[in-house]
$ cat data.pdb   # PDB, C-alpha atoms and all ligand atoms
ATOM      1  CA  MET A  20       9.209  28.131  18.979
ATOM      2  CA  LYS A  21       7.944  30.843  16.626
ATOM      3  CA  LYS A  22       6.678  30.506  13.046
ATOM      4  CA  THR A  23       9.611  32.619  11.886
ATOM      5  CA  ASP A  24      12.251  30.342  13.439
ATOM      6  CA  TRP A  25      14.749  28.691  11.144
ATOM      7  CA  ALA A  26      16.836  25.553  11.501
ATOM      8  CA  VAL A  27      20.166  25.281   9.673
ATOM      9  CA  ILE A  28      21.141  21.703   8.891
ATOM     10  CA  THR A  29      24.578  20.858   7.480
ATOM     11  CA  GLY A  30      24.848  17.607   5.587
ATOM     12  CA  ALA A  31      21.143  17.865   4.748
ATOM     13  CA  SER A  32      21.419  16.112   1.388
ATOM     14  CA  SER A  33      21.499  12.594   2.846
ATOM     15  CA  GLY A  34      21.500  10.306   5.867
ATOM     16  CA  ILE A  35      21.092  11.689   9.373
ATOM     17  CA  GLY A  36      21.103  15.348   8.277
ATOM     18  CA  LYS A  37      18.328  14.717   5.773
ATOM     19  CA  GLU A  38      16.291  12.951   8.461
ATOM     20  CA  PHE A  39      16.805  15.904  10.818
ATOM     21  CA  SER A  40      15.602  18.260   8.068
ATOM     22  CA  TYR A  41      12.271  16.451   7.678
ATOM     23  CA  GLU A  42      11.789  16.088  11.423
ATOM     24  CA  LEU A  43      12.483  19.768  12.080
ATOM     25  CA  ALA A  44      10.090  20.865   9.328
ATOM     26  CA  LYS A  45       7.502  18.556  10.899
ATOM     27  CA  LYS A  46       8.106  20.309  14.241
ATOM     28  CA  GLY A  47       7.395  23.649  12.534
ATOM     29  CA  TYR A  48      10.821  25.060  11.684
ATOM     30  CA  ASN A  49      11.669  26.636   8.352
ATOM     31  CA  VAL A  50      14.782  24.850   7.139
ATOM     32  CA  ALA A  51      18.034  26.032   5.539
ATOM     33  CA  LEU A  52      19.695  23.030   3.955
ATOM     34  CA  VAL A  53      23.481  22.934   3.533
ATOM     35  CA  ALA A  54      25.617  20.419   1.601
ATOM     36  CA  ARG A  55      27.552  20.298  -1.671
ATOM     37  CA  SER A  56      24.969  18.470  -3.825
ATOM     38  CA  GLN A  57      22.611  21.163  -5.091
ATOM     39  CA  ASP A  58      20.338  18.699  -6.916
ATOM     40  CA  LYS A  59      19.780  16.580  -3.805
ATOM     41  CA  LEU A  60      19.133  19.671  -1.665
ATOM     42  CA  GLU A  61      16.576  20.894  -4.223
ATOM     43  CA  ASP A  62      14.748  17.553  -4.032
ATOM     44  CA  VAL A  63      14.693  17.568  -0.228
ATOM     45  CA  ALA A  64      13.528  21.208  -0.129
ATOM     46  CA  ALA A  65      10.731  20.632  -2.648
ATOM     47  CA  ASP A  66       9.521  17.568  -0.788
ATOM     48  CA  ILE A  67       9.575  19.346   2.580
ATOM     49  CA  GLU A  68       7.646  22.334   1.186
ATOM     50  CA  LYS A  69       5.033  19.966  -0.197
ATOM     51  CA  GLN A  70       4.703  17.800   2.928
ATOM     52  CA  TYR A  71       4.982  20.388   5.699
ATOM     53  CA  GLU A  72       4.349  23.758   4.053
ATOM     54  CA  ARG A  73       7.426  25.297   5.661
ATOM     55  CA  GLU A  74       9.807  27.754   4.037
ATOM     56  CA  THR A  75      13.064  26.280   2.778
ATOM     57  CA  ARG A  76      16.354  27.681   1.573
ATOM     58  CA  ILE A  77      19.097  25.660  -0.043
ATOM     59  CA  ILE A  78      22.720  26.626   0.513
ATOM     60  CA  PRO A  79      25.041  24.580  -1.710
ATOM     61  CA  LEU A  80      28.415  24.899  -0.040
ATOM     62  CA  ASP A  81      31.632  22.974   0.447
ATOM     63  CA  LEU A  82      32.353  23.319   4.156
ATOM     64  CA  THR A  83      36.028  22.521   3.671
ATOM     65  CA  HIS A  84      36.568  25.698   1.640
ATOM     66  CA  GLU A  85      38.511  28.360   3.471
ATOM     67  CA  HIS A  86      35.895  31.123   3.307
ATOM     68  CA  PHE A  87      32.739  29.030   3.665
ATOM     69  CA  ALA A  88      31.785  30.588   7.026
ATOM     70  CA  GLN A  89      31.432  34.060   5.520
ATOM     71  CA  GLU A  90      29.266  32.646   2.736
ATOM     72  CA  LEU A  91      27.117  30.713   5.208
ATOM     73  CA  SER A  92      26.779  33.826   7.330
ATOM     74  CA  ASP A  93      25.761  35.935   4.303
ATOM     75  CA  LYS A  94      23.266  33.345   3.057
ATOM     76  CA  THR A  95      21.547  33.055   6.432
ATOM     77  CA  ALA A  96      21.664  36.772   7.271
ATOM     78  CA  GLY A  97      18.242  38.034   8.306
ATOM     79  CA  LEU A  98      16.973  34.580   9.305
ATOM     80  CA  THR A  99      16.141  33.923  12.956
ATOM     81  CA  VAL A 100      18.224  30.784  13.336
ATOM     82  CA  THR A 101      17.247  29.051  16.568
ATOM     83  CA  MET A 102      18.278  25.474  15.717
ATOM     84  CA  VAL A 103      21.521  24.248  14.146
ATOM     85  CA  ILE A 104      22.312  20.663  13.284
ATOM     86  CA  ASN A 105      26.110  20.777  12.996
ATOM     87  CA  ASN A 106      26.268  17.430  11.273
ATOM     88  CA  ALA A 107      28.165  17.276   7.932
ATOM     89  CA  GLY A 108      31.065  14.898   8.210
ATOM     90  CA  PHE A 109      32.709  11.817   6.792
ATOM     91  CA  GLY A 110      35.046   9.064   7.923
ATOM     92  CA  THR A 111      38.114   7.202   6.762
ATOM     93  CA  SER A 112      39.050   3.691   7.802
ATOM     94  CA  GLY A 113      41.945   1.275   7.518
ATOM     95  CA  PRO A 114      45.587   1.255   8.574
ATOM     96  CA  PHE A 115      46.581   4.832   9.445
ATOM     97  CA  LEU A 116      49.582   4.982   7.102
ATOM     98  CA  GLU A 117      47.641   3.617   4.130
ATOM     99  CA  ILE A 118      44.953   6.297   4.131
ATOM    100  CA  ASP A 119      45.383   9.093   1.599
ATOM    101  CA  ASP A 120      47.095  12.144   3.180
ATOM    102  CA  ASN A 121      44.745  14.698   1.625
ATOM    103  CA  ARG A 122      41.639  12.761   2.619
ATOM    104  CA  GLU A 123      42.734  12.718   6.267
ATOM    105  CA  ILE A 124      43.318  16.473   6.292
ATOM    106  CA  GLU A 125      40.030  17.139   4.479
ATOM    107  CA  MET A 126      38.254  15.074   7.142
ATOM    108  CA  ILE A 127      39.825  17.072   9.984
ATOM    109  CA  GLN A 128      38.858  20.238   8.101
ATOM    110  CA  LEU A 129      35.206  19.162   7.824
ATOM    111  CA  ASN A 130      34.708  17.246  11.085
ATOM    112  CA  CYS A 131      36.612  19.674  13.340
ATOM    113  CA  VAL A 132      37.443  23.036  11.723
ATOM    114  CA  ALA A 133      34.080  23.506   9.970
ATOM    115  CA  VAL A 134      32.135  22.268  13.018
ATOM    116  CA  THR A 135      33.937  24.837  15.191
ATOM    117  CA  LYS A 136      33.395  27.696  12.730
ATOM    118  CA  ILE A 137      29.681  26.843  12.437
ATOM    119  CA  ALA A 138      29.343  26.659  16.223
ATOM    120  CA  ARG A 139      31.001  30.068  16.616
ATOM    121  CA  LEU A 140      28.893  31.681  13.900
ATOM    122  CA  PHE A 141      25.476  30.576  15.130
ATOM    123  CA  LEU A 142      26.053  30.468  18.891
ATOM    124  CA  LYS A 143      27.113  34.126  18.718
ATOM    125  CA  ARG A 144      23.845  34.930  16.950
ATOM    126  CA  MET A 145      21.791  32.875  19.418
ATOM    127  CA  THR A 146      23.281  34.727  22.387
ATOM    128  CA  GLU A 147      21.816  37.942  20.931
ATOM    129  CA  THR A 148      18.281  36.558  21.361
ATOM    130  CA  GLY A 149      19.044  34.338  24.358
ATOM    131  CA  ARG A 150      17.527  31.211  22.872
ATOM    132  CA  GLY A 151      18.476  28.387  20.562
ATOM    133  CA  ASP A 152      19.637  24.797  20.218
ATOM    134  CA  MET A 153      22.637  23.199  18.555
ATOM    135  CA  ILE A 154      23.260  19.503  17.988
ATOM    136  CA  ILE A 155      26.849  18.573  17.168
ATOM    137  CA  MET A 156      27.355  15.209  15.533
ATOM    138  CA  ALA A 157      29.879  13.052  17.341
ATOM    139  CA  SER A 158      29.826   9.230  17.284
ATOM    140  CA  THR A 159      30.218   6.139  19.434
ATOM    141  CA  ALA A 160      33.716   6.199  17.882
ATOM    142  CA  ALA A 161      34.306   9.317  20.006
ATOM    143  CA  VAL A 162      34.165   7.628  23.382
ATOM    144  CA  GLN A 163      37.328   5.551  23.005
ATOM    145  CA  PRO A 164      40.343   5.491  20.667
ATOM    146  CA  CYS A 165      39.670   3.295  17.604
ATOM    147  CA  PRO A 166      42.542   1.538  15.833
ATOM    148  CA  TRP A 167      41.827   1.317  12.038
ATOM    149  CA  PHE A 168      39.575   4.343  12.455
ATOM    150  CA  ALA A 169      42.203   6.382  14.260
ATOM    151  CA  THR A 170      41.850   9.879  12.802
ATOM    152  CA  TYR A 171      38.083   9.667  12.362
ATOM    153  CA  ALA A 172      37.600   8.637  15.998
ATOM    154  CA  ALA A 173      39.916  11.463  17.073
ATOM    155  CA  THR A 174      37.877  14.015  15.085
ATOM    156  CA  LYS A 175      34.716  12.775  16.754
ATOM    157  CA  ALA A 176      36.338  12.915  20.216
ATOM    158  CA  PHE A 177      37.020  16.575  19.378
ATOM    159  CA  ASP A 178      33.339  17.097  18.486
ATOM    160  CA  LEU A 179      32.159  15.328  21.638
ATOM    161  CA  HIS A 180      34.380  17.375  23.945
ATOM    162  CA  LEU A 181      33.573  20.614  22.142
ATOM    163  CA  ALA A 182      29.827  20.030  22.453
ATOM    164  CA  GLU A 183      29.946  18.951  26.091
ATOM    165  CA  ALA A 184      31.999  21.984  27.104
ATOM    166  CA  LEU A 185      29.673  24.267  25.139
ATOM    167  CA  TRP A 186      26.653  22.671  26.809
ATOM    168  CA  TYR A 187      28.040  24.038  30.070
ATOM    169  CA  GLU A 188      29.077  27.455  28.756
ATOM    170  CA  MET A 189      25.842  28.071  26.864
ATOM    171  CA  LYS A 190      23.221  26.870  29.338
ATOM    172  CA  ALA A 191      23.491  30.077  31.385
ATOM    173  CA  LYS A 192      22.712  31.985  28.167
ATOM    174  CA  GLY A 193      19.523  30.020  27.494
ATOM    175  CA  ILE A 194      21.051  27.924  24.696
ATOM    176  CA  ASN A 195      21.113  24.107  24.578
ATOM    177  CA  VAL A 196      24.041  22.237  23.033
ATOM    178  CA  LEU A 197      24.049  18.459  22.636
ATOM    179  CA  ALA A 198      26.613  15.970  21.330
ATOM    180  CA  LEU A 199      24.869  13.132  19.509
ATOM    181  CA  ASN A 200      26.761   9.824  19.374
ATOM    182  CA  PRO A 201      25.234   7.390  16.914
ATOM    183  CA  PRO A 202      26.713   3.915  16.377
ATOM    184  CA  ALA A 203      27.180   2.519  12.848
ATOM    185  CA  THR A 204      24.063   3.762  11.048
ATOM    186  CA  ALA A 205      22.562   2.808   7.696
ATOM    187  CA  THR A 206      23.518   5.859   5.584
ATOM    188  CA  ASN A 207      26.003   6.658   2.815
ATOM    189  CA  PHE A 208      28.598   7.165   5.535
ATOM    190  CA  LEU A 209      29.724   3.524   5.556
ATOM    191  CA  ALA A 210      30.394   3.249   1.822
ATOM    192  CA  GLU A 211      32.068   6.669   1.877
ATOM    193  CA  ALA A 212      34.360   5.469   4.691
ATOM    194  CA  GLY A 213      35.254   2.308   2.772
ATOM    195  CA  ILE A 214      33.335   0.095   5.198
ATOM    196  CA  PRO A 215      31.259  -2.796   3.806
ATOM    197  CA  THR A 216      27.602  -1.836   4.052
ATOM    198  CA  GLN A 217      26.307  -5.341   4.889
ATOM    199  CA  GLN A 218      26.724  -4.912   8.648
ATOM    200  CA  LYS A 219      24.442  -6.548  11.181
ATOM    201  CA  GLY A 220      22.510  -4.404  13.654
ATOM    202  CA  LEU A 221      22.915  -1.014  12.019
ATOM    203  CA  ALA A 222      21.016   1.841  13.646
ATOM    204  CA  THR A 223      18.703   3.978  11.530
ATOM    205  CA  ALA A 224      18.838   7.717  10.923
ATOM    206  CA  GLU A 225      15.325   7.979  12.446
ATOM    207  CA  GLN A 226      16.563   6.345  15.646
ATOM    208  CA  ALA A 227      19.474   8.807  15.881
ATOM    209  CA  VAL A 228      17.221  11.829  15.343
ATOM    210  CA  HIS A 229      14.561  10.744  17.850
ATOM    211  CA  THR A 230      17.225   9.998  20.461
ATOM    212  CA  ALA A 231      18.671  13.492  19.962
ATOM    213  CA  PHE A 232      15.342  15.236  20.509
ATOM    214  CA  ARG A 233      14.687  13.226  23.663
ATOM    215  CA  ALA A 234      18.036  14.321  25.147
ATOM    216  CA  LEU A 235      18.293  17.917  23.892
ATOM    217  CA  GLY A 236      18.140  20.369  26.778
ATOM    218  CA  LYS A 237      18.471  17.610  29.351
ATOM    219  CA  LYS A 238      22.101  16.495  29.095
ATOM    220  CA  PRO A 239      25.426  17.384  27.391
ATOM    221  CA  SER A 240      25.609  14.247  25.235
ATOM    222  CA  ILE A 241      23.705  11.112  24.349
ATOM    223  CA  ILE A 242      24.686   7.756  22.878
ATOM    224  CA  VAL A 243      22.144   6.142  20.549
ATOM    225  CA  GLY A 244      20.998   2.698  21.765
ATOM    226  CA  GLY A 245      20.851   1.203  25.262
ATOM    227  CA  LYS A 246      23.462  -1.465  24.510
ATOM    228  CA  ASN A 247      25.902   1.172  23.244
ATOM    229  CA  ARG A 248      25.313   3.296  26.334
ATOM    230  CA  PHE A 249      26.090   0.288  28.525
ATOM    231  CA  MET A 250      29.261  -0.513  26.546
ATOM    232  CA  ALA A 251      30.495   3.071  26.809
ATOM    233  CA  PHE A 252      29.841   3.027  30.550
ATOM    234  CA  SER A 253      31.732  -0.227  31.108
ATOM    235  CA  GLU A 254      34.676   1.036  29.010
ATOM    236  CA  ARG A 255      35.334   3.603  31.739
ATOM    237  CA  PHE A 256      36.474   0.775  34.005
ATOM    238  CA  THR A 257      38.432  -1.170  31.359
ATOM    239  CA  PRO A 258      42.245  -0.892  31.361
ATOM    240  CA  LYS A 259      43.401   1.053  28.272
ATOM    241  CA  LYS A 260      45.501  -1.776  26.769
ATOM    242  CA  LEU A 261      42.588  -4.209  27.001
ATOM    243  CA  LEU A 262      40.174  -1.602  25.648
ATOM    244  CA  LEU A 263      42.421  -0.946  22.622
ATOM    245  CA  THR A 264      42.766  -4.671  21.932
ATOM    246  CA  VAL A 265      39.008  -5.267  22.065
ATOM    247  CA  THR A 266      38.213  -2.134  20.017
ATOM    248  CA  SER A 267      40.795  -3.046  17.386
ATOM    249  CA  HIS A 268      39.149  -6.483  16.943
ATOM    250  CA  ILE A 269      35.695  -4.932  16.585
ATOM    251  CA  MET A 270      36.918  -2.311  14.096
ATOM    252  CA  LYS A 271      38.952  -4.779  12.051
ATOM    253  CA  LYS A 272      35.927  -7.057  11.784
ATOM    254  CA  MET A 273      33.785  -4.111  10.759
ATOM    255  CA  ILE A 274      36.076  -2.947   7.960
ATOM    256  CA  SER A 275      36.570  -6.450   6.597
ATOM    257  CA  THR A 276      32.943  -7.699   6.810
ATOM    258  CA  SER A 277      31.618  -8.470   3.356
TER     259      SER A 277
HETATM  260  N1  LIG B 301      26.375   6.663   9.589
HETATM  261  C1  LIG B 301      27.134   6.338  10.615
HETATM  262  O1  LIG B 301      27.486   5.168  10.822
HETATM  263  C2  LIG B 301      27.556   7.416  11.590
HETATM  264  C3  LIG B 301      27.860   7.038  12.914
HETATM  265  C4  LIG B 301      28.260   8.018  13.815
HETATM  266  C5  LIG B 301      28.346   9.336  13.413
HETATM  267  N2  LIG B 301      28.057   9.689  12.119
HETATM  268  C6  LIG B 301      28.187  11.088  11.742
HETATM  269  O2  LIG B 301      26.956  11.562  11.267
HETATM  270  C7  LIG B 301      27.165  12.660  10.378
HETATM  271  C8  LIG B 301      26.299  12.493   9.136
HETATM  272  O3  LIG B 301      26.702  11.338   8.470
HETATM  273  P1  LIG B 301      25.659  10.372   7.742
HETATM  274  O4  LIG B 301      25.742   9.070   8.420
HETATM  275  O5  LIG B 301      24.345  11.017   7.590
HETATM  276  O6  LIG B 301      26.409  10.219   6.341
HETATM  277  P2  LIG B 301      26.016  10.678   4.853
HETATM  278  O7  LIG B 301      24.715  10.090   4.484
HETATM  279  O8  LIG B 301      27.219  10.347   4.047
HETATM  280  O9  LIG B 301      25.857  12.253   4.983
HETATM  281  C9  LIG B 301      26.945  13.130   5.041
HETATM  282  C10 LIG B 301      26.457  14.516   4.697
HETATM  283  O10 LIG B 301      27.556  15.437   4.796
HETATM  284  C11 LIG B 301      27.608  16.208   3.598
HETATM  285  N3  LIG B 301      28.989  16.593   3.308
HETATM  286  C12 LIG B 301      30.054  15.777   3.122
HETATM  287  N4  LIG B 301      31.141  16.490   2.820
HETATM  288  C13 LIG B 301      30.755  17.795   2.804
HETATM  289  C14 LIG B 301      31.420  19.020   2.550
HETATM  290  N5  LIG B 301      32.730  19.055   2.237
HETATM  291  N6  LIG B 301      30.726  20.170   2.598
HETATM  292  C15 LIG B 301      29.392  20.151   2.905
HETATM  293  N7  LIG B 301      28.719  19.035   3.181
HETATM  294  C16 LIG B 301      29.381  17.861   3.116
HETATM  295  C17 LIG B 301      27.049  15.283   2.520
HETATM  296  O11 LIG B 301      26.495  16.011   1.442
HETATM  297  P3  LIG B 301      27.219  16.300   0.034
HETATM  298  O12 LIG B 301      27.958  15.066  -0.359
HETATM  299  O13 LIG B 301      26.065  16.665  -0.824
HETATM  300  O14 LIG B 301      28.116  17.466   0.296
HETATM  301  C18 LIG B 301      25.918  14.615   3.288
HETATM  302  O15 LIG B 301      24.766  15.437   3.269
HETATM  303  C19 LIG B 301      28.676  12.703  10.115
HETATM  304  O16 LIG B 301      29.251  13.731  10.913
HETATM  305  C20 LIG B 301      29.160  11.352  10.610
HETATM  306  O17 LIG B 301      30.507  11.393  11.062
HETATM  307  C21 LIG B 301      27.651   8.758  11.213
END
$ encode --input "data.pdb" --output "structure tokens"
Amino acid sequence: MKKTDWAVITGASSGIGKEFSYELAKKGYNVALVARSQDKLEDVAADIEKQYERETRIIPLDLTHEHFAQELSDKTAGLTVTMVINNAGFGTSGPFLEIDDNREIEMIQLNCVAVTKIARLFLKRMTETGRGDMIIMASTAAVQPCPWFATYAATKAFDLHLAEALWYEMKAKGINVLALNPPATATNFLAEAGIPTQQKGLATAEQAVHTAFRALGKKPSIIVGGKNRFMAFSERFTPKKLLLTVTSHIMKKMISTS
């Protein structure tokens, strides 16, 4: 890594993206912080500059807007971007037909369309220098279909498959891609998804970030937490009808826990 290297982090204003921003500055990257909330990005940037003496740039942007990729490209032009945390996303939960139509489409736009556009933008640039890393945020919800979380889980399955395929395509070009699959994690995500926040055994953003750095460059994807890795492995041998029944019970309990 060089002193002039930049990391671009989407969803840097809170949760896992914010944690990545601090950790990357600590590792020596300059950080370009992307999210909609300008005030929160300013706070994170000021704090990072003070703690780690790295350069920061804030890029307030709604990644569901049609022309965001051009704006992101313009605002990062001239930076040597060698790390991208393709992370901004949100979830919806509940019975499929009761979720607001627009919210579902907005989620697909952010979790799938924006993630793909960001991957295309920065991976193209990384191939010019032959080095770089990209972490794409998937989820443990990506490894099996999830009743009551149906569209969200499908968007994350998209992210997981995209990242794993890109891991293969990009490794010959000197670029690492990783899908990160956290379980339910203590961030704003839960409240935003309409899930009660008093869940037992939530992972932390720190745990997710440290797991990602341990796996980056070594494998196409990683699940956060040994128990979750074991569950995902055993699901491979579970008949689909049984798997859907068990998953639906777990998800229903999760969305109704109070
Ligand atoms: N927490 C969990 O349980 C969990 C588990 C598995 C996977 N994940 C995934 O982890 C990622 C990060 O989530 P988190 O847990 O850190 O949740 P979070 O604390 O709610 O963070 C979400 C981030 O995305 C940004 N964002 C949302 N909509 C945006 C938009 N339209 N344009 C630009 N930025 C936008 C938010 O910033 P602004 O509101 O300022 O725009 C925020 O910085 C998501 O992809 C999520 O699916 C989370």
$ residues_near_ligand --input "data.pdb" --ligand "ligand LIG 301 (chain B)" --cutoff "7 Å" --atoms "all atoms listed in the file" --output "ChimeraX atom specification"
/A:29-37,53-56,59,80-83,106-110,129-130,156-159,200-209,211
$ atom_distance --input "data.pdb" --atom1 "CA of Tyr48 (chain A)" --atom2 "CA of Arg73 (chain A)"
6.9 Å
$ residues_around --input "data.pdb" --residues "region 247-256 of chain A" --least-positions-apart "4" --cutoff "8 Å" --atoms "only C-alpha atoms" --output "VMD selection string"
chain A and resid 159 162 to 163 202 242 to 243 262
$ closest_residue --input "data.pdb" --among "A:Tyr171, A:Ile194, A:Pro114, A:Gln70" --to "Thr146 (chain A)" --atoms "all atoms listed in the file"
A:Ile194
$ residues_around --input "data.pdb" --residues "Ile214 (chain A)" --least-positions-apart "4" --cutoff "8 Å" --atoms "all atoms listed in the file" --output "PyMOL selection string"
chain A and resi 112+209-210+273-276
$ residues_around --input "data.pdb" --residues "Phe177 (chain A)" --least-positions-apart "3" --cutoff "9 Å" --atoms "all atoms listed in the file" --output "list in words"
Asn130, Cys131, Ala157, Ala161, Ala172, Ala173, Thr174, His180, Leu181 and Ala182 of chain A
$ resolve_selection --input "data.pdb" --expression "the PyMOL selection byres (((chain A and resi 149-153) around 8) and not hetatm)" --output "VMD selection string"
chain A and resid 100 to 105 138 145 to 148 154 to 155 192 to 197 235
$ closest_residue --input "data.pdb" --among "A:Ile269, A:Leu116, A:Ala198, A:Asn49" --to "Ala231 (chain A)" --atoms "only C-alpha atoms"
A:Ala198
$ build_atoms --input "data.pdb" --residues "region 208-219 of chain A" --atoms "N, CA and C atoms" --output "mmCIF file, keeping the file's coordinate frame"
data_model
loop_
_atom_site.group_PDB
_atom_site.id
_atom_site.type_symbol
_atom_site.label_atom_id
_atom_site.label_comp_id
_atom_site.auth_asym_id
_atom_site.auth_seq_id
_atom_site.Cartn_x
_atom_site.Cartn_y
_atom_site.Cartn_z
ATOM 1 N N PHE A 208 27.351 7.011 4.791
ATOM 2 C CA PHE A 208 28.598 7.165 5.535
ATOM 3 C C PHE A 208 29.501 5.942 5.391
ATOM 4 N N LEU A 209 28.914 4.745 5.525
ATOM 5 C CA LEU A 209 29.724 3.524 5.556
ATOM 6 C C LEU A 209 30.481 3.339 4.240
ATOM 7 N N ALA A 210 29.745 3.427 3.128
ATOM 8 C CA ALA A 210 30.394 3.249 1.822
ATOM 9 C C ALA A 210 31.465 4.324 1.607
ATOM 10 N N GLU A 211 31.145 5.539 2.010
ATOM 11 C CA GLU A 211 32.068 6.669 1.877
ATOM 12 C C GLU A 211 33.354 6.425 2.680
ATOM 13 N N ALA A 212 33.205 5.731 3.817
ATOM 14 C CA ALA A 212 34.360 5.469 4.691
ATOM 15 C C ALA A 212 35.092 4.186 4.296
ATOM 16 N N GLY A 213 34.608 3.542 3.227
ATOM 17 C CA GLY A 213 35.254 2.308 2.772
ATOM 18 C C GLY A 213 34.922 1.119 3.659
ATOM 19 N N ILE A 214 33.766 1.192 4.322
ATOM 20 C CA ILE A 214 33.335 0.095 5.198
ATOM 21 C C ILE A 214 32.240 -0.691 4.475
ATOM 22 N N PRO A 215 32.335 -2.033 4.452
ATOM 23 C CA PRO A 215 31.259 -2.796 3.806
ATOM 24 C C PRO A 215 29.905 -2.443 4.423
ATOM 25 N N THR A 216 28.898 -2.332 3.562
ATOM 26 C CA THR A 216 27.602 -1.836 4.052
ATOM 27 C C THR A 216 26.706 -2.959 4.608
ATOM 28 N N GLN A 217 27.136 -4.222 4.399
ATOM 29 C CA GLN A 217 26.307 -5.341 4.889
ATOM 30 C C GLN A 217 26.633 -5.646 6.343
ATOM 31 N N GLN A 218 26.439 -4.694 7.227
ATOM 32 C CA GLN A 218 26.724 -4.912 8.648
ATOM 33 C C GLN A 218 25.441 -5.347 9.343
ATOM 34 N N LYS A 219 25.616 -6.171 10.379
ATOM 35 C CA LYS A 219 24.442 -6.548 11.181
ATOM 36 C C LYS A 219 24.164 -5.450 12.203
#
